[in-house]
file model_1.txt (compact mmCIF, C-alpha atoms)
# COMPACT_ATOMS: atom_id res chain seq x y z
CA MET A 1 10.87 -28.48 16.78
CA VAL A 2 10.94 -24.93 18.12
CA VAL A 3 8.65 -23.98 21.00
CA SER A 4 7.91 -20.27 21.08
CA LEU A 5 7.39 -18.66 24.47
CA SER A 6 6.14 -15.11 24.95
CA ARG A 7 7.12 -12.87 27.84
CA ARG A 8 3.46 -12.80 28.90
CA GLY A 9 3.91 -16.16 30.60
CA ASP A 10 6.52 -14.68 32.93
CA VAL A 11 3.87 -13.24 35.25
CA GLU A 12 4.00 -14.18 38.92
CA PRO A 13 2.20 -17.42 39.80
CA PHE A 14 -1.12 -17.16 41.61
CA HIS A 15 0.24 -18.59 44.86
CA ALA A 16 -3.20 -19.25 46.36
CA MET A 17 -3.82 -21.70 43.53
CA ASP A 18 -0.41 -23.30 44.10
CA VAL A 19 -1.26 -23.74 47.78
CA LEU A 20 -4.62 -25.22 46.81
CA ALA A 21 -2.89 -27.67 44.49
CA GLY A 22 -0.60 -28.72 47.34
CA ALA A 23 -3.55 -29.13 49.69
CA ASN A 24 -5.43 -31.20 47.11
CA LYS A 25 -2.39 -33.43 46.64
CA LEU A 26 -2.25 -34.12 50.37
CA LYS A 27 -5.99 -34.75 50.47
CA ALA A 28 -5.63 -37.29 47.66
CA GLU A 29 -3.08 -39.07 49.83
CA GLY A 30 -5.59 -39.25 52.67
CA VAL A 31 -4.33 -36.31 54.72
CA PRO A 32 -7.26 -34.38 56.31
CA VAL A 33 -6.25 -30.89 55.18
CA ILE A 34 -8.39 -27.88 56.07
CA SER A 35 -8.10 -25.25 53.36
CA MET A 36 -8.26 -21.59 54.28
CA ALA A 37 -6.33 -20.69 51.16
CA VAL A 38 -8.92 -19.97 48.48
CA GLY A 39 -11.89 -17.63 48.58
CA GLN A 40 -14.47 -20.24 47.74
CA PRO A 41 -17.74 -20.79 49.62
CA SER A 42 -18.10 -24.34 50.92
CA ASP A 43 -21.85 -24.27 50.28
CA PRO A 44 -23.32 -25.28 46.92
CA ALA A 45 -25.28 -22.89 44.75
CA PRO A 46 -28.77 -22.17 46.10
CA ALA A 47 -31.43 -24.81 45.53
CA VAL A 48 -33.41 -22.67 43.06
CA VAL A 49 -30.26 -22.17 40.99
CA ARG A 50 -29.54 -25.89 40.82
CA GLU A 51 -33.16 -26.66 40.01
CA ALA A 52 -33.16 -24.15 37.15
CA ALA A 53 -29.98 -25.70 35.74
CA ALA A 54 -31.44 -29.21 35.97
CA ALA A 55 -34.62 -28.10 34.19
CA ALA A 56 -32.59 -26.42 31.46
CA LEU A 57 -30.57 -29.57 30.88
CA LYS A 58 -33.74 -31.63 30.54
CA SER A 59 -35.33 -29.17 28.15
CA GLY A 60 -32.83 -29.67 25.34
CA ARG A 61 -29.90 -27.95 23.70
CA ILE A 62 -27.55 -25.62 25.58
CA GLY A 63 -25.86 -23.28 23.12
CA TYR A 64 -24.40 -19.88 22.49
CA THR A 65 -26.10 -16.70 23.62
CA ASP A 66 -25.54 -13.09 22.61
CA ALA A 67 -22.02 -12.06 23.58
CA LEU A 68 -23.41 -9.69 26.23
CA GLY A 69 -25.64 -12.39 27.72
CA LEU A 70 -29.25 -13.48 27.87
CA ALA A 71 -31.69 -10.58 27.87
CA GLY A 72 -33.52 -12.09 30.85
CA LEU A 73 -30.37 -12.23 32.96
CA ARG A 74 -29.34 -8.70 32.01
CA ARG A 75 -32.80 -7.50 33.09
CA ALA A 76 -32.52 -9.45 36.35
CA ILE A 77 -29.15 -7.85 37.10
CA ALA A 78 -30.55 -4.39 36.36
CA GLY A 79 -33.44 -5.22 38.70
CA HIS A 80 -30.93 -6.14 41.40
CA TYR A 81 -29.47 -2.62 41.20
CA ARG A 82 -32.93 -1.11 41.64
CA GLU A 83 -33.77 -3.36 44.58
CA HIS A 84 -30.44 -3.49 46.41
CA TYR A 85 -28.93 -0.05 45.67
CA GLN A 86 -31.95 2.01 44.56
CA ILE A 87 -30.08 2.84 41.35
CA ASP A 88 -31.52 2.61 37.85
CA VAL A 89 -29.25 0.72 35.46
CA ALA A 90 -30.38 0.11 31.89
CA PRO A 91 -30.14 -3.61 31.04
CA GLU A 92 -28.34 -2.55 27.86
CA ARG A 93 -25.38 -1.42 30.01
CA VAL A 94 -25.02 -4.89 31.57
CA ALA A 95 -22.55 -7.39 30.10
CA VAL A 96 -22.69 -10.99 31.35
CA THR A 97 -19.21 -12.55 31.51
CA THR A 98 -17.46 -15.85 32.08
CA GLY A 99 -16.83 -15.09 35.72
CA SER A 100 -15.35 -11.84 36.93
CA SER A 101 -12.01 -13.01 35.50
CA ALA A 102 -13.31 -12.51 31.96
CA ALA A 103 -14.78 -9.18 33.03
CA PHE A 104 -11.35 -7.94 34.09
CA ASN A 105 -9.85 -9.11 30.80
CA LEU A 106 -12.55 -7.31 28.84
CA ALA A 107 -12.32 -4.13 30.90
CA PHE A 108 -8.54 -3.91 30.58
CA LEU A 109 -8.61 -4.65 26.84
CA ALA A 110 -11.43 -2.21 26.09
CA MET A 111 -10.20 0.63 28.31
CA PHE A 112 -6.40 0.61 28.14
CA ASP A 113 -3.59 0.28 25.62
CA GLY A 114 -0.14 -1.18 26.15
CA GLY A 115 1.99 1.23 28.18
CA ASP A 116 -0.96 2.92 29.88
CA ARG A 117 -0.58 3.26 33.64
CA VAL A 118 -3.28 1.84 35.90
CA ALA A 119 -3.19 2.13 39.69
CA ILE A 120 -4.16 -0.59 42.14
CA ALA A 121 -3.78 -0.83 45.91
CA ALA A 122 -1.16 -2.99 47.57
CA PRO A 123 -2.14 -5.33 49.09
CA GLY A 124 -4.60 -6.30 46.38
CA TYR A 125 -5.94 -9.19 44.34
CA PRO A 126 -2.99 -10.62 42.33
CA ALA A 127 -4.92 -11.25 39.13
CA TYR A 128 -5.27 -7.50 38.61
CA ARG A 129 -1.52 -7.13 38.43
CA ASN A 130 -0.88 -10.34 36.51
CA ILE A 131 -3.49 -9.80 33.79
CA MET A 132 -2.46 -6.21 33.17
CA ALA A 133 1.22 -7.17 33.11
CA ALA A 134 0.48 -9.86 30.52
CA LEU A 135 -1.33 -7.25 28.42
CA GLY A 136 1.57 -4.80 28.57
CA ILE A 137 -0.24 -2.32 30.84
CA GLU A 138 1.99 -0.61 33.40
CA VAL A 139 0.71 -1.40 36.88
CA VAL A 140 1.22 1.30 39.49
CA GLU A 141 0.90 -0.32 42.91
CA ILE A 142 0.02 2.13 45.67
CA GLU A 143 1.31 0.88 49.01
CA LEU A 144 -1.36 1.59 51.61
CA GLU A 145 1.26 1.69 54.40
CA GLY A 146 -1.12 0.95 57.22
CA ALA A 147 -4.24 2.52 55.73
CA ALA A 148 -7.18 0.15 55.50
CA TYR A 149 -8.20 1.19 52.00
CA LEU A 150 -7.26 3.38 49.04
CA HIS A 151 -7.94 7.08 49.72
CA ALA A 152 -8.44 9.92 47.25
CA GLU A 153 -5.17 11.39 48.54
CA HIS A 154 -3.32 8.18 47.62
CA LEU A 155 -4.65 8.44 44.08
CA ALA A 156 -3.84 12.13 43.66
CA SER A 157 -0.31 11.60 44.93
CA ALA A 158 0.32 8.65 42.61
CA HIS A 159 -1.07 10.59 39.64
CA ALA A 160 1.22 13.53 40.40
CA LYS A 161 4.23 11.19 40.17
CA LYS A 162 3.09 9.19 37.14
CA THR A 163 0.15 10.20 34.98
CA LEU A 164 -2.50 7.52 35.39
CA LYS A 165 -4.99 6.35 32.78
CA GLY A 166 -7.05 4.28 35.20
CA VAL A 167 -7.56 3.08 38.76
CA LEU A 168 -9.00 -0.20 40.00
CA PHE A 169 -10.14 -0.73 43.57
CA ALA A 170 -12.28 -3.22 45.48
CA SER A 171 -14.66 -2.75 48.40
CA PRO A 172 -14.91 -5.05 50.29
CA ALA A 173 -11.32 -5.80 49.40
CA ASN A 174 -9.40 -8.98 48.79
CA PRO A 175 -7.23 -9.85 50.75
CA THR A 176 -8.09 -7.53 53.65
CA GLY A 177 -11.88 -7.48 53.78
CA ALA A 178 -11.73 -3.70 54.28
CA VAL A 179 -14.72 -1.64 53.15
CA ILE A 180 -14.31 1.90 51.79
CA PRO A 181 -16.70 4.17 53.74
CA VAL A 182 -19.33 6.01 51.69
CA GLU A 183 -17.77 9.47 51.87
CA ALA A 184 -14.28 8.12 51.13
CA LEU A 185 -15.65 6.18 48.14
CA LYS A 186 -17.38 9.29 46.85
CA ALA A 187 -14.17 11.30 47.21
CA LEU A 188 -12.16 8.59 45.44
CA VAL A 189 -14.51 8.46 42.44
CA GLU A 190 -14.83 12.25 42.21
CA THR A 191 -11.06 12.75 42.48
CA ALA A 192 -10.49 10.23 39.69
CA ASP A 193 -13.03 12.07 37.53
CA GLN A 194 -11.39 15.45 38.19
CA LEU A 195 -7.98 14.03 37.27
CA GLY A 196 -9.23 12.31 34.11
CA ILE A 197 -8.64 8.81 35.50
CA ALA A 198 -11.00 6.01 34.43
CA VAL A 199 -12.47 3.99 37.31
CA ILE A 200 -13.06 0.24 37.62
CA SER A 201 -14.82 -0.79 40.84
CA ASP A 202 -14.54 -4.46 41.84
CA GLU A 203 -17.70 -5.21 43.81
CA ILE A 204 -17.65 -9.01 43.81
CA TYR A 205 -17.82 -9.14 47.62
CA HIS A 206 -20.91 -6.98 47.84
CA ARG A 207 -23.63 -8.41 50.07
CA LEU A 208 -20.82 -9.74 52.28
CA ALA A 209 -20.27 -6.66 54.45
CA TYR A 210 -20.92 -7.02 58.18
CA ALA A 211 -21.09 -3.47 59.56
CA ALA A 212 -22.56 -1.25 56.85
CA PRO A 213 -24.84 -1.49 53.81
CA ASP A 214 -23.33 -1.85 50.35
CA THR A 215 -22.61 1.26 48.31
CA THR A 216 -21.83 0.86 44.62
CA ALA A 217 -19.44 3.27 42.96
CA LEU A 218 -22.19 3.77 40.37
CA ALA A 219 -23.86 6.00 42.95
CA PHE A 220 -21.17 8.61 42.24
CA GLY A 221 -21.00 8.56 38.46
CA PRO A 222 -22.41 6.69 35.46
CA ASP A 223 -18.98 6.44 33.82
CA VAL A 224 -17.63 4.01 36.42
CA ALA A 225 -17.15 0.45 35.16
CA VAL A 226 -18.38 -1.99 37.83
CA ILE A 227 -17.46 -5.67 37.96
CA ASN A 228 -19.38 -8.22 40.00
CA SER A 229 -19.87 -11.96 40.09
CA PHE A 230 -22.17 -14.75 41.20
CA SER A 231 -19.16 -16.59 42.69
CA LYS A 232 -18.94 -15.24 46.22
CA TYR A 233 -22.22 -14.26 47.92
CA TYR A 234 -24.19 -16.49 45.54
CA CYS A 235 -21.89 -19.54 46.04
CA MET A 236 -21.46 -20.14 42.30
CA THR A 237 -17.67 -20.23 41.82
CA GLY A 238 -17.51 -23.15 39.39
CA TRP A 239 -20.42 -21.90 37.32
CA ARG A 240 -18.11 -19.17 35.94
CA ILE A 241 -20.66 -16.41 35.67
CA GLY A 242 -20.15 -12.72 36.37
CA TRP A 243 -21.21 -9.34 35.05
CA MET A 244 -20.17 -5.80 34.29
CA VAL A 245 -22.10 -2.54 34.39
CA LEU A 246 -20.53 -0.33 31.76
CA PRO A 247 -20.60 3.30 30.68
CA GLU A 248 -22.66 3.46 27.48
CA LYS A 249 -19.69 4.14 25.21
CA LEU A 250 -17.88 1.04 26.50
CA VAL A 251 -20.69 -1.42 25.78
CA ARG A 252 -20.01 -1.97 22.08
CA PRO A 253 -16.18 -2.20 22.44
CA VAL A 254 -16.60 -4.81 25.20
CA GLU A 255 -19.13 -6.68 23.07
CA ARG A 256 -16.80 -6.76 20.06
CA ILE A 257 -13.90 -8.11 22.11
CA ALA A 258 -16.11 -10.63 23.94
CA GLN A 259 -17.43 -12.00 20.65
CA SER A 260 -13.94 -13.10 19.66
CA LEU A 261 -12.52 -14.06 23.04
CA TYR A 262 -15.44 -15.90 24.62
CA ILE A 263 -18.42 -16.07 22.20
CA SER A 264 -20.59 -15.91 25.31
CA ALA A 265 -20.75 -16.93 28.95
CA PRO A 266 -22.10 -20.49 29.43
CA GLU A 267 -25.82 -20.51 28.70
CA LEU A 268 -26.54 -23.11 31.40
CA SER A 269 -24.95 -20.88 34.03
CA GLN A 270 -26.81 -17.86 32.74
CA VAL A 271 -30.18 -19.60 32.95
CA ALA A 272 -29.38 -20.75 36.49
CA ALA A 273 -28.09 -17.33 37.59
CA MET A 274 -31.42 -15.70 36.76
CA GLU A 275 -32.81 -17.45 39.83
CA ALA A 276 -29.98 -16.47 42.20
CA PHE A 277 -31.56 -13.15 43.20
CA LYS A 278 -34.55 -15.10 44.56
CA ALA A 279 -32.40 -17.07 47.03
CA THR A 280 -31.73 -14.33 49.59
CA GLU A 281 -33.08 -16.24 52.59
CA GLU A 282 -30.85 -19.26 51.90
CA LEU A 283 -27.82 -17.08 51.16
CA GLU A 284 -28.25 -14.91 54.25
CA ALA A 285 -28.04 -18.09 56.35
CA VAL A 286 -24.68 -18.81 54.71
CA LYS A 287 -23.55 -15.24 55.40
CA ALA A 288 -24.55 -15.66 59.06
CA ARG A 289 -22.13 -18.55 59.30
CA TYR A 290 -19.37 -16.40 57.80
CA ALA A 291 -20.12 -13.83 60.48
CA TRP A 292 -19.79 -16.57 63.12
CA ASN A 293 -16.46 -17.65 61.64
CA ARG A 294 -15.35 -14.02 61.50
CA GLU A 295 -15.99 -13.54 65.21
CA LEU A 296 -13.95 -16.66 65.97
CA LEU A 297 -10.95 -15.60 63.89
CA MET A 298 -11.02 -11.98 65.04
CA LYS A 299 -10.50 -13.30 68.57
CA ARG A 300 -8.28 -16.34 68.08
CA LEU A 301 -5.84 -15.35 65.35
CA PRO A 302 -4.35 -12.40 67.27
CA GLU A 303 -4.05 -14.63 70.35
CA LEU A 304 -1.88 -16.98 68.28
CA GLY A 305 0.41 -14.22 67.01
CA PHE A 306 -1.40 -13.44 63.74
CA ALA A 307 -2.07 -9.71 64.16
CA LEU A 308 -4.93 -8.41 62.05
CA ALA A 309 -3.51 -6.06 59.44
CA ALA A 310 -6.87 -4.55 58.46
CA PRO A 311 -10.44 -4.49 59.75
CA MET A 312 -12.41 -7.57 58.67
CA ASP A 313 -15.38 -5.48 57.55
CA GLY A 314 -16.43 -7.63 54.61
CA ALA A 315 -15.73 -10.57 52.30
CA PHE A 316 -14.51 -13.69 54.15
CA TYR A 317 -10.82 -13.04 54.76
CA ALA A 318 -8.48 -12.26 57.62
CA PHE A 319 -5.26 -10.59 56.46
CA CYS A 320 -2.63 -10.98 59.14
CA ASP A 321 0.80 -9.59 59.94
CA VAL A 322 2.88 -12.67 60.76
CA SER A 323 6.19 -10.91 61.36
CA ARG A 324 6.13 -12.02 65.02
CA LEU A 325 6.28 -15.61 63.75
CA THR A 326 8.24 -15.45 60.49
CA ASN A 327 9.86 -13.16 57.95
CA ASP A 328 9.06 -15.57 55.10
CA SER A 329 5.32 -16.17 54.85
CA MET A 330 5.81 -18.33 51.73
CA ALA A 331 7.96 -20.86 53.59
CA PHE A 332 5.77 -20.54 56.69
CA ALA A 333 2.63 -21.36 54.68
CA GLY A 334 4.30 -24.40 53.15
CA LYS A 335 5.42 -25.66 56.53
CA MET A 336 2.00 -25.07 58.10
CA LEU A 337 0.37 -27.06 55.31
CA VAL A 338 2.70 -30.03 55.63
CA GLU A 339 2.95 -30.11 59.43
CA ALA A 340 -0.37 -28.69 60.69
CA HIS A 341 -2.44 -29.64 57.64
CA VAL A 342 -3.93 -26.15 57.39
CA ALA A 343 -3.64 -24.26 54.09
CA ALA A 344 -3.47 -20.47 53.98
CA THR A 345 -2.19 -18.04 51.36
CA PRO A 346 1.18 -16.27 51.69
CA GLY A 347 1.04 -12.50 51.34
CA ARG A 348 3.35 -12.51 48.30
CA ASP A 349 0.23 -12.98 46.18
CA PHE A 350 -1.17 -9.65 47.28
CA ASP A 351 1.89 -7.47 47.76
CA PRO A 352 5.24 -8.32 46.11
CA LEU A 353 7.04 -5.71 48.23
CA GLN A 354 5.70 -6.36 51.76
CA GLY A 355 3.96 -9.70 51.32
CA HIS A 356 6.65 -11.72 53.07
CA ARG A 357 5.23 -10.35 56.34
CA TYR A 358 1.61 -11.29 55.73
CA MET A 359 -0.80 -14.21 55.26
CA ARG A 360 -4.44 -14.43 54.25
CA PHE A 361 -6.90 -16.81 55.87
CA SER A 362 -10.26 -17.50 54.21
CA TYR A 363 -13.12 -18.27 56.58
CA ALA A 364 -15.61 -19.37 53.91
CA GLY A 365 -15.62 -22.95 55.19
CA SER A 366 -17.79 -24.57 57.82
CA HIS A 367 -17.64 -23.40 61.43
CA ASP A 368 -16.38 -26.79 62.59
CA GLU A 369 -13.53 -26.53 60.09
CA MET A 370 -12.57 -23.09 61.38
CA VAL A 371 -12.58 -24.25 64.99
CA GLU A 372 -10.43 -27.26 64.09
CA ALA A 373 -8.06 -25.19 61.95
CA VAL A 374 -7.38 -22.77 64.80
CA ALA A 375 -6.83 -25.69 67.19
CA ARG A 376 -4.36 -27.31 64.79
CA ILE A 377 -2.41 -24.08 64.34
CA GLU A 378 -2.29 -23.57 68.11
CA ARG A 379 -0.92 -27.09 68.68
CA TRP A 380 1.58 -26.66 65.85
CA LEU A 381 2.96 -23.38 67.19
CA LYS A 382 3.57 -24.77 70.70

call {"tool": "encode", "arguments": {"input": "model_1.txt", "output": "structure tokens"}}
result
Amino acid sequence: MVVSLSRRGDVEPFHAMDVLAGANKLKAEGVPVISMAVGQPSDPAPAVVREAAAAALKSGRIGYTDALGLAGLRRAIAGHYREHYQIDVAPERVAVTTGSSAAFNLAFLAMFDGGDRVAIAAPGYPAYRNIMAALGIEVVEIELEGAAYLHAEHLASAHAKKTLKGVLFASPANPTGAVIPVEALKALVETADQLGIAVISDEIYHRLAYAAPDTTALAFGPDVAVINSFSKYYCMTGWRIGWMVLPEKLVRPVERIAQSLYISAPELSQVAAMEAFKATEELEAVKARYAWNRELLMKRLPELGFALAAPMDGAFYAFCDVSRLTNDSMAFAGKMLVEAHVAATPGRDFDPLQGHRYMRFSYAGSHDEMVEAVARIERWLK
């Protein structure tokens, strides 16, 4: 029997997930691995979220919702924009998605055609590149070359070389944790608008900045498409629930595609997520621990030869230049996992060109785990 394989499956593996699989295999064998590989909070969802889910399960059937999500959740998300950003967003512009992953799929499908060019920063989140490549969109990776974040000048220069249809950026960024300052963000959005480039702003690490308040790209134009998620700050990774704020003319195209691809995001997760905005006190305590971990790694990683490649302004990552220790971060990460029992992500995930020199460490775990991980790495390097 013939097995048909498309070229879409030839995308680069998500190496963080491969490292996680290796760590889980060792854990199953009884090895006490500490994982700093995946950006996943170690805390459960807030108590009010879990209680709402339990009540929903007891109440009866969990079924489909409208493709764009429960009206109550869309209103709650719009309320979050009023409260947190002082921006009015109509609930009708909100689309609830099966995690931010589905939001990226929907944005790319609704906004771009095969062959369109879309710019992203390098280093950057690998799923951007991989999803667009699978869809036949031409990815234009802009090497930051020492800059902490994507600047308007980067975008204008890339557009002059290859006409761009869109740009996608994140602040705080994965893998670096860098935050785009307000004026630079404004210039980036306005430059894109002047050049006729559609903007997607990945804001899934909002509420996890340590030195400045959050600024949404929506502050600089209603035609920006914003993607966010309950996974990171709200500690709801496995609930697979995210959202988009869309320009009005994108709402119906996204809805039509979502109807066929996903039907709807899980109703149980939607019901639970409505309570997440009420859990700020509990979640700020979790963030305080991240800040504690951040202080530890900012001091100790450079002492061990892992030079910080960008300011750790947000999210829960340290992106390090490891060229003093290795020229092959993929092999180095594998060896560190097997010998030191600490998992971290090789930079190849985030930058195919320069990633061999870099590694990403997630500090979303407990403080005791971070202390022990650093101690293990120090012993291993001696």

call {"tool": "atom_distance", "arguments": {"input": "model_1.txt", "atom1": "CA of Asp321 (chain A)", "atom2": "CA of Met359 (chain A)"}}
result
6.8 Å

call {"tool": "residues_around", "arguments": {"input": "model_1.txt", "residues": "Leu20 (chain A)", "least_positions_apart": "6", "cutoff": "10 Å", "atoms": "all atoms listed in the file", "output": "PyMOL selection string"}}
result
chain A and resi 26+35-38+343-345

call {"tool": "closest_atom_pairs", "arguments": {"input": "model_1.txt", "of": "region 15-68 of chain A", "to": "region 266-277 of chain A", "cutoff": "9 Å", "atoms": "only C-alpha atoms", "output": "Markdown table"}}
result
| residue | atom | partner | partner_atom | distance |
| --- | --- | --- | --- | --- |
| A:Ala45 | CA | A:Ala276 | CA | 8.4 |
| A:Pro46 | CA | A:Ala276 | CA | 7.0 |
| A:Val48 | CA | A:Glu275 | CA | 6.2 |
| A:Val49 | CA | A:Ala272 | CA | 4.8 |
| A:Arg50 | CA | A:Ala272 | CA | 6.7 |
| A:Glu51 | CA | A:Ala272 | CA | 7.8 |
| A:Ala52 | CA | A:Ala272 | CA | 5.1 |
| A:Ala53 | CA | A:Ala272 | CA | 5.0 |
| A:Ala54 | CA | A:Ala272 | CA | 8.7 |
| A:Ala56 | CA | A:Leu268 | CA | 6.9 |
| A:Leu57 | CA | A:Leu268 | CA | 7.6 |
| A:Ile62 | CA | A:Glu267 | CA | 6.2 |
| A:Gly63 | CA | A:Glu267 | CA | 6.2 |
| A:Tyr64 | CA | A:Glu267 | CA | 6.4 |
| A:Thr65 | CA | A:Glu267 | CA | 6.4 |

call {"tool": "closest_atom_pairs", "arguments": {"input": "model_1.txt", "of": "region 250-313 of chain A", "to": "region 111-114 of chain A", "cutoff": "12 Å", "atoms": "all atoms listed in the file", "output": "tab-separated table"}}
result
residue	atom	partner	partner_atom	distance
A:Leu250	CA	A:Met111	CA	7.9
A:Val251	CA	A:Met111	CA	11.0
A:Arg252	CA	A:Met111	CA	11.9
A:Pro253	CA	A:Met111	CA	8.8
A:Val254	CA	A:Met111	CA	9.0
A:Ile257	CA	A:Met111	CA	11.3

call {"tool": "closest_residue", "arguments": {"input": "model_1.txt", "among": "A:Ala107, A:Val342, A:Arg93, A:Gly347", "to": "Lys27 (chain A)", "atoms": "all atoms listed in the file"}}
result
A:Val342

call {"tool": "build_atoms", "arguments": {"input": "model_1.txt", "residues": "region 228-240 of chain A", "atoms": "N, CA, C and O atoms", "output": "PDB file, in the coordinates of the input"}}
result
ATOM      1  N   ASN A 228     -18.822  -7.414  38.925  1.00  0.00           N
ATOM      2  CA  ASN A 228     -19.380  -8.220  40.000  1.00  0.00           C
ATOM      3  C   ASN A 228     -19.468  -9.656  39.519  1.00  0.00           C
ATOM      4  O   ASN A 228     -19.133  -9.960  38.382  1.00  0.00           O
ATOM      5  N   SER A 229     -19.918 -10.533  40.395  1.00  0.00           N
ATOM      6  CA  SER A 229     -19.870 -11.960  40.090  1.00  0.00           C
ATOM      7  C   SER A 229     -20.893 -12.707  40.923  1.00  0.00           C
ATOM      8  O   SER A 229     -21.277 -12.257  42.012  1.00  0.00           O
ATOM      9  N   PHE A 230     -21.312 -13.853  40.428  1.00  0.00           N
ATOM     10  CA  PHE A 230     -22.170 -14.750  41.200  1.00  0.00           C
ATOM     11  C   PHE A 230     -21.336 -15.723  42.048  1.00  0.00           C
ATOM     12  O   PHE A 230     -21.895 -16.582  42.721  1.00  0.00           O
ATOM     13  N   SER A 231     -20.016 -15.591  42.037  1.00  0.00           N
ATOM     14  CA  SER A 231     -19.160 -16.590  42.690  1.00  0.00           C
ATOM     15  C   SER A 231     -19.207 -16.533  44.203  1.00  0.00           C
ATOM     16  O   SER A 231     -19.224 -17.578  44.854  1.00  0.00           O
ATOM     17  N   LYS A 232     -19.208 -15.353  44.788  1.00  0.00           N
ATOM     18  CA  LYS A 232     -18.940 -15.240  46.220  1.00  0.00           C
ATOM     19  C   LYS A 232     -20.222 -15.313  47.048  1.00  0.00           C
ATOM     20  O   LYS A 232     -20.526 -16.348  47.628  1.00  0.00           O
ATOM     21  N   TYR A 233     -20.984 -14.241  47.122  1.00  0.00           N
ATOM     22  CA  TYR A 233     -22.220 -14.260  47.920  1.00  0.00           C
ATOM     23  C   TYR A 233     -23.166 -15.356  47.438  1.00  0.00           C
ATOM     24  O   TYR A 233     -23.813 -16.035  48.244  1.00  0.00           O
ATOM     25  N   TYR A 234     -23.216 -15.553  46.122  1.00  0.00           N
ATOM     26  CA  TYR A 234     -24.190 -16.490  45.540  1.00  0.00           C
ATOM     27  C   TYR A 234     -23.677 -17.933  45.472  1.00  0.00           C
ATOM     28  O   TYR A 234     -24.384 -18.814  44.991  1.00  0.00           O
ATOM     29  N   CYS A 235     -22.454 -18.177  45.932  1.00  0.00           N
ATOM     30  CA  CYS A 235     -21.890 -19.540  46.040  1.00  0.00           C
ATOM     31  C   CYS A 235     -21.846 -20.262  44.699  1.00  0.00           C
ATOM     32  O   CYS A 235     -22.121 -21.466  44.604  1.00  0.00           O
ATOM     33  N   MET A 236     -21.448 -19.550  43.642  1.00  0.00           N
ATOM     34  CA  MET A 236     -21.460 -20.140  42.300  1.00  0.00           C
ATOM     35  C   MET A 236     -20.088 -20.055  41.640  1.00  0.00           C
ATOM     36  O   MET A 236     -19.965 -19.753  40.454  1.00  0.00           O
ATOM     37  N   THR A 237     -19.023 -20.384  42.374  1.00  0.00           N
ATOM     38  CA  THR A 237     -17.670 -20.230  41.820  1.00  0.00           C
ATOM     39  C   THR A 237     -17.471 -21.016  40.525  1.00  0.00           C
ATOM     40  O   THR A 237     -17.028 -20.480  39.520  1.00  0.00           O
ATOM     41  N   GLY A 238     -17.774 -22.311  40.550  1.00  0.00           N
ATOM     42  CA  GLY A 238     -17.510 -23.150  39.390  1.00  0.00           C
ATOM     43  C   GLY A 238     -18.459 -22.964  38.225  1.00  0.00           C
ATOM     44  O   GLY A 238     -18.236 -23.519  37.145  1.00  0.00           O
ATOM     45  N   TRP A 239     -19.472 -22.163  38.401  1.00  0.00           N
ATOM     46  CA  TRP A 239     -20.420 -21.900  37.320  1.00  0.00           C
ATOM     47  C   TRP A 239     -19.851 -20.871  36.341  1.00  0.00           C
ATOM     48  O   TRP A 239     -20.356 -20.738  35.228  1.00  0.00           O
ATOM     49  N   ARG A 240     -18.820 -20.153  36.754  1.00  0.00           N
ATOM     50  CA  ARG A 240     -18.110 -19.170  35.940  1.00  0.00           C
ATOM     51  C   ARG A 240     -19.066 -18.177  35.301  1.00  0.00           C
ATOM     52  O   ARG A 240     -19.235 -18.121  34.081  1.00  0.00           O
TER      53      ARG A 240
END
